[in-house]
Amino acid sequence: MPGILNFSVHQLHDDTPELLNEFYANMRTATGPAKVTFWKRVFGTRVMAISEFDDLETLNASENAFIMSNAFEDFVEEGDAPEDIDRFEIIHHQGATHEDVPIDGYCSTNHYFAAPGHVSDELEESKYIMDSLWQINGFLGAYVGRSLITPSRLDSLAFWSDVTAAEKAIPIRVNTNLRMYRRLA
């Protein structure tokens, strides 16, 4: 199931239902034909949008159409431009997709930079780690991929039925770039 995941993290001024619904509508317009889900950071007010595209051409065409639309001006004026964005080629997928995770399910994200010349080794290790997560009750599935923006950056997303299951997978006393999100829509 190769494809491209595009995820963007947005700092919202307010997270009222009205503002969230407007944000969802703007993001759905921006992503065009993509499959998109929305997640709120467990600690804080940041919202992550995960969009899935069949290939880079489809993502670029969707992005260009949005930039040329009237909705783009509204999107920028409202301050909805992402503060962090990445897109990665899906190298490995198992179990549930981001769309399969129920509302109020969880997603943990992690990224790190592979040493020069070790990207393929690091990807294999990431796949192995994701495969081992099936031992944790509540693990639903995962993606592993390589950033198309920064090729040495490796990304992983793991999906969980509840926060207790997700917390079991967090390494103790290890400095990671792990972030936890709860599915909103």
# chains A, B, ... in the order shown; residues from 1 in each chain; ligands from 1

call {"tool": "residues_around", "arguments": {"residues": "Glu124 in chain A", "least_positions_apart": "4", "cutoff": "10 Å", "atoms": "only C-alpha atoms", "output": "JSON, numbers by chain"}}
result
{"A": [91, 92, 119, 120, 128, 129, 130, 144]}

call {"tool": "residues_around", "arguments": {"residues": "Ala166 in chain A", "least_positions_apart": "2", "cutoff": "8 Å", "atoms": "only C-alpha atoms", "output": "MDAnalysis selection string"}}
result
chainID A and resid 106:108 138:139 159:164 168:170

call {"tool": "closest_residue", "arguments": {"among": "A:Gly105, A:Gly95, A:Gly3, A:Pro17", "to": "Arg183 in chain A", "atoms": "only C-alpha atoms"}}
result
A:Gly105

call {"tool": "select_by_dssp", "arguments": {"residues": "chain A", "states": "strand (DSSP E)", "output": "PDB file with C-alpha atoms, in the first residue's frame"}}
result
ATOM      1  CA  ILE A   4       2.041   9.589   0.661  1.00  0.00           C
ATOM      2  CA  LEU A   5       1.002  10.857   4.084  1.00  0.00           C
ATOM      3  CA  ASN A   6       0.925  14.587   4.555  1.00  0.00           C
ATOM      4  CA  PHE A   7       0.569  15.797   8.088  1.00  0.00           C
ATOM      5  CA  SER A   8       0.371  19.326   9.338  1.00  0.00           C
ATOM      6  CA  VAL A   9       0.201  20.691  12.859  1.00  0.00           C
ATOM      7  CA  HIS A  10      -1.798  23.850  13.446  1.00  0.00           C
ATOM      8  CA  GLN A  11      -1.992  26.108  16.476  1.00  0.00           C
ATOM      9  CA  LYS A  35      -8.503  10.936   2.945  1.00  0.00           C
ATOM     10  CA  VAL A  36      -8.154  13.301   5.918  1.00  0.00           C
ATOM     11  CA  THR A  37      -8.496  12.892   9.685  1.00  0.00           C
ATOM     12  CA  PHE A  38      -8.074  15.392  12.529  1.00  0.00           C
ATOM     13  CA  TRP A  39      -6.312  14.889  15.844  1.00  0.00           C
ATOM     14  CA  LYS A  40      -5.828  17.127  18.899  1.00  0.00           C
ATOM     15  CA  ARG A  41      -2.597  17.092  20.878  1.00  0.00           C
ATOM     16  CA  ARG A  46      -2.473  22.039  18.547  1.00  0.00           C
ATOM     17  CA  VAL A  47      -4.465  20.136  15.943  1.00  0.00           C
ATOM     18  CA  MET A  48      -2.879  17.725  13.478  1.00  0.00           C
ATOM     19  CA  ALA A  49      -4.420  16.929  10.103  1.00  0.00           C
ATOM     20  CA  ILE A  50      -3.351  13.679   8.439  1.00  0.00           C
ATOM     21  CA  SER A  51      -4.052  13.496   4.699  1.00  0.00           C
ATOM     22  CA  GLU A  52      -3.365  10.435   2.607  1.00  0.00           C
ATOM     23  CA  PHE A  53      -2.696  10.588  -1.138  1.00  0.00           C
ATOM     24  CA  ASP A  84       4.768  22.333  11.144  1.00  0.00           C
ATOM     25  CA  ILE A  85       4.246  20.235   8.043  1.00  0.00           C
ATOM     26  CA  ASP A  86       5.800  17.088   6.646  1.00  0.00           C
ATOM     27  CA  ARG A  87       4.982  14.591   3.982  1.00  0.00           C
ATOM     28  CA  PHE A  88       6.360  11.126   3.873  1.00  0.00           C
ATOM     29  CA  GLU A  89       6.424   8.192   1.544  1.00  0.00           C
ATOM     30  CA  ILE A  90       4.776   5.204   3.203  1.00  0.00           C
ATOM     31  CA  ILE A  91       7.434   2.504   3.431  1.00  0.00           C
ATOM     32  CA  HIS A  92       5.571   0.148   5.751  1.00  0.00           C
ATOM     33  CA  HIS A  93       1.964  -0.070   6.905  1.00  0.00           C
ATOM     34  CA  GLN A  94       0.250  -2.591   9.125  1.00  0.00           C
ATOM     35  CA  GLY A  95      -3.187  -2.862  10.688  1.00  0.00           C
ATOM     36  CA  TYR A 106      -5.086   7.858  19.836  1.00  0.00           C
ATOM     37  CA  CYS A 107      -2.114   8.396  17.559  1.00  0.00           C
ATOM     38  CA  SER A 108       1.491   8.631  18.664  1.00  0.00           C
ATOM     39  CA  THR A 109       3.915  10.259  16.255  1.00  0.00           C
ATOM     40  CA  ASN A 110       7.670  10.083  16.329  1.00  0.00           C
ATOM     41  CA  HIS A 111      10.436  11.226  14.034  1.00  0.00           C
ATOM     42  CA  TYR A 112      14.181  11.039  14.105  1.00  0.00           C
ATOM     43  CA  PHE A 113      17.082  11.576  11.754  1.00  0.00           C
ATOM     44  CA  PHE A 139      -2.429  -1.372  19.436  1.00  0.00           C
ATOM     45  CA  LEU A 140      -4.395  -0.843  16.204  1.00  0.00           C
ATOM     46  CA  GLY A 141      -1.795  -0.273  13.487  1.00  0.00           C
ATOM     47  CA  ALA A 142       1.070   1.882  12.244  1.00  0.00           C
ATOM     48  CA  TYR A 143       2.829   3.620   9.389  1.00  0.00           C
ATOM     49  CA  VAL A 144       6.579   3.973   8.895  1.00  0.00           C
ATOM     50  CA  GLY A 145       7.957   6.267   6.245  1.00  0.00           C
ATOM     51  CA  ARG A 146      10.670   8.563   5.015  1.00  0.00           C
ATOM     52  CA  SER A 147      10.217  12.308   4.700  1.00  0.00           C
ATOM     53  CA  ARG A 153      14.057  12.099   8.558  1.00  0.00           C
ATOM     54  CA  LEU A 154      12.140   8.937   9.388  1.00  0.00           C
ATOM     55  CA  ASP A 155       8.575   9.187  10.653  1.00  0.00           C
ATOM     56  CA  SER A 156       6.312   6.723  12.368  1.00  0.00           C
ATOM     57  CA  LEU A 157       2.698   6.893  13.451  1.00  0.00           C
ATOM     58  CA  ALA A 158       1.122   4.288  15.724  1.00  0.00           C
ATOM     59  CA  PHE A 159      -2.604   4.043  16.453  1.00  0.00           C
ATOM     60  CA  TRP A 160      -4.149   3.033  19.758  1.00  0.00           C
ATOM     61  CA  ARG A 179       3.813  13.330  20.477  1.00  0.00           C
ATOM     62  CA  MET A 180       0.390  12.000  21.441  1.00  0.00           C
ATOM     63  CA  TYR A 181      -2.881  13.015  19.756  1.00  0.00           C
ATOM     64  CA  ARG A 182      -6.551  12.081  20.239  1.00  0.00           C
ATOM     65  CA  ARG A 183      -8.788  11.694  17.162  1.00  0.00           C
TER      66      ARG A 183
END

call {"tool": "atom_distance", "arguments": {"atom1": "CA of Thr29 in chain A", "atom2": "CA of Phe66 in chain A"}}
result
7.2 Å

call {"tool": "atom_distance", "arguments": {"atom1": "CA of Val101 in chain A", "atom2": "CA of Glu167 in chain A"}}
result
16.7 Å

call {"tool": "closest_residue", "arguments": {"among": "A:Ser152, A:Thr97, A:Asn64, A:Gln135", "to": "Ala165 in chain A", "atoms": "only C-alpha atoms"}}
result
A:Gln135

call {"tool": "atom_distance", "arguments": {"atom1": "CA of Ile136 in chain A", "atom2": "CA of Pro2 in chain A"}}
result
25.6 Å

call {"tool": "closest_residue", "arguments": {"among": "A:Ala185, A:Leu178, A:Leu56, A:Leu123", "to": "Arg28 in chain A", "atoms": "only C-alpha atoms"}}
result
A:Ala185
